[in-house]
Amino acid sequence: MTSQAFFDAVKKRRSYYGISKETVISDDKIVELVQEAVKHTPSSFNSQSARVVVLLGENHDKLWDITTNTLRAIVPADQFEPTEQKMGAFKNGYGTVLFFEDKNVIDGLMEKFPSYAQNFPIWSQQSSGMHQFVVWTALENEGFGASLQHYNPLIDEEVKSTWSLPDSWQLVAQMPFGKPTAQPGEKQFQPIDERVKVFK
């Protein structure tokens, strides 16, 4: 792959909120690209602390039902309709990727390398962000639209209970995806020379 092909994929990655339950690749291919992303995305000290769950079919729907019901208990009833519509839009997708970090791995590194202890939680989040970006870009490169959501920690305990996940898995983000039904709006960019400085 040339650098241009790589940046074409990077530029193509956007937040798609209009998505459908129609798929563009097989479930096996979806799982394969997530596995490849998790295997090859870097982490500090090669900690490999990322944990990922792929929800398809009824499991995908169940996640957004959980989120909707959780928010219904918090948002005033007379203000809930926009929230319900938003949750419905995510549920309309084909699947969701859940991103976690394993706290046991991070705690172990903090104990093993006390001089760096305060940095391991930060590095963990940085690694998670890279995993999210790689999966997001890979999904969109195959023809899906996706977005990144953060309903943690509100849904954490029920998610772990529903899918029997280890208590040490800390939920970081949720990525609903599906075949795009609407294009994202035009993206605005700040002047690049204000954001990148070069000294020769």
# chains A, B, ... in the order shown; residues from 1 in each chain; ligands from 1
$ residues_around --residues "Leu165 (chain A)" --least-positions-apart "6" --cutoff "12 Å" --atoms "only C-alpha atoms" --output "number ranges by chain"
A: 51-53, 98, 100-102, 156-159, 171
$ residues_around --residues "Gly18 (chain A)" --least-positions-apart "5" --cutoff "9 Å" --atoms "only C-alpha atoms" --output "MDAnalysis selection string"
chainID A and resid 89:90 92:93 145:146 178:184
$ write_last_selection --atoms "C-alpha atoms" --output "tab-separated table (two decimals), in the first residue's frame"
chain	number	residue	atom	x	y	z
A	89	ALA	CA	-30.51	5.48	14.78
A	90	PHE	CA	-27.66	3.50	16.34
A	92	ASN	CA	-30.72	0.73	12.98
A	93	GLY	CA	-27.12	-0.25	12.24
A	145	GLY	CA	-20.38	3.90	7.94
A	146	ALA	CA	-19.56	4.17	11.65
A	178	GLY	CA	-23.90	-0.25	9.13
A	179	LYS	CA	-24.37	0.54	5.47
A	180	PRO	CA	-24.56	4.34	5.11
A	181	THR	CA	-27.97	5.85	4.37
A	182	ALA	CA	-26.80	9.48	4.54
A	183	GLN	CA	-23.52	11.22	3.89
A	184	PRO	CA	-21.72	13.26	6.56
$ select_by_dssp --residues "chain A" --states "strand (DSSP E)" --output "ChimeraX atom specification"
/A:19-20,50-56,95-102,145-146,169-180
$ residues_around --residues "Gly88 (chain A)" --least-positions-apart "5" --cutoff "12 Å" --atoms "only C-alpha atoms" --output "list in words"
Tyr17, Gly18, Ile19, Ser20, Lys21, His60, Asp61, Lys62, Leu63, Trp64, Asp65, Ile66, Thr67, Thr68, Asn69, Glu81, Pro82, Thr83, Gly93 and Pro176 of chain A
$ select_by_dssp --residues "region 25-152 of chain A" --states "alpha helix (DSSP H)" --output "PyMOL selection string"
chain A and resi 27-40+58-72+81-91+103-112+120-141
$ closest_residue --among "A:Met87, A:Leu56, A:Ala73, A:Ala173" --to "Ser128 (chain A)" --atoms "only C-alpha atoms"
A:Ala173
$ closest_residue --among "A:Met130, A:Val10, A:Val31, A:Val172" --to "Leu154 (chain A)" --atoms "only C-alpha atoms"
A:Val172
$ closest_residue --among "A:Ser15, A:Thr137, A:Ser3, A:Ser124" --to "Glu186 (chain A)" --atoms "only C-alpha atoms"
A:Ser15
$ residues_around --residues "Gly108 (chain A)" --least-positions-apart "4" --cutoff "12 Å" --atoms "only C-alpha atoms" --output "number ranges by chain"
A: 45, 47, 49, 102-104, 112-114, 116-117, 120-121, 168
$ closest_residue --among "A:Ala9, A:Val105, A:Leu71, A:Met1" --to "Glu140 (chain A)" --atoms "only C-alpha atoms"
A:Ala9
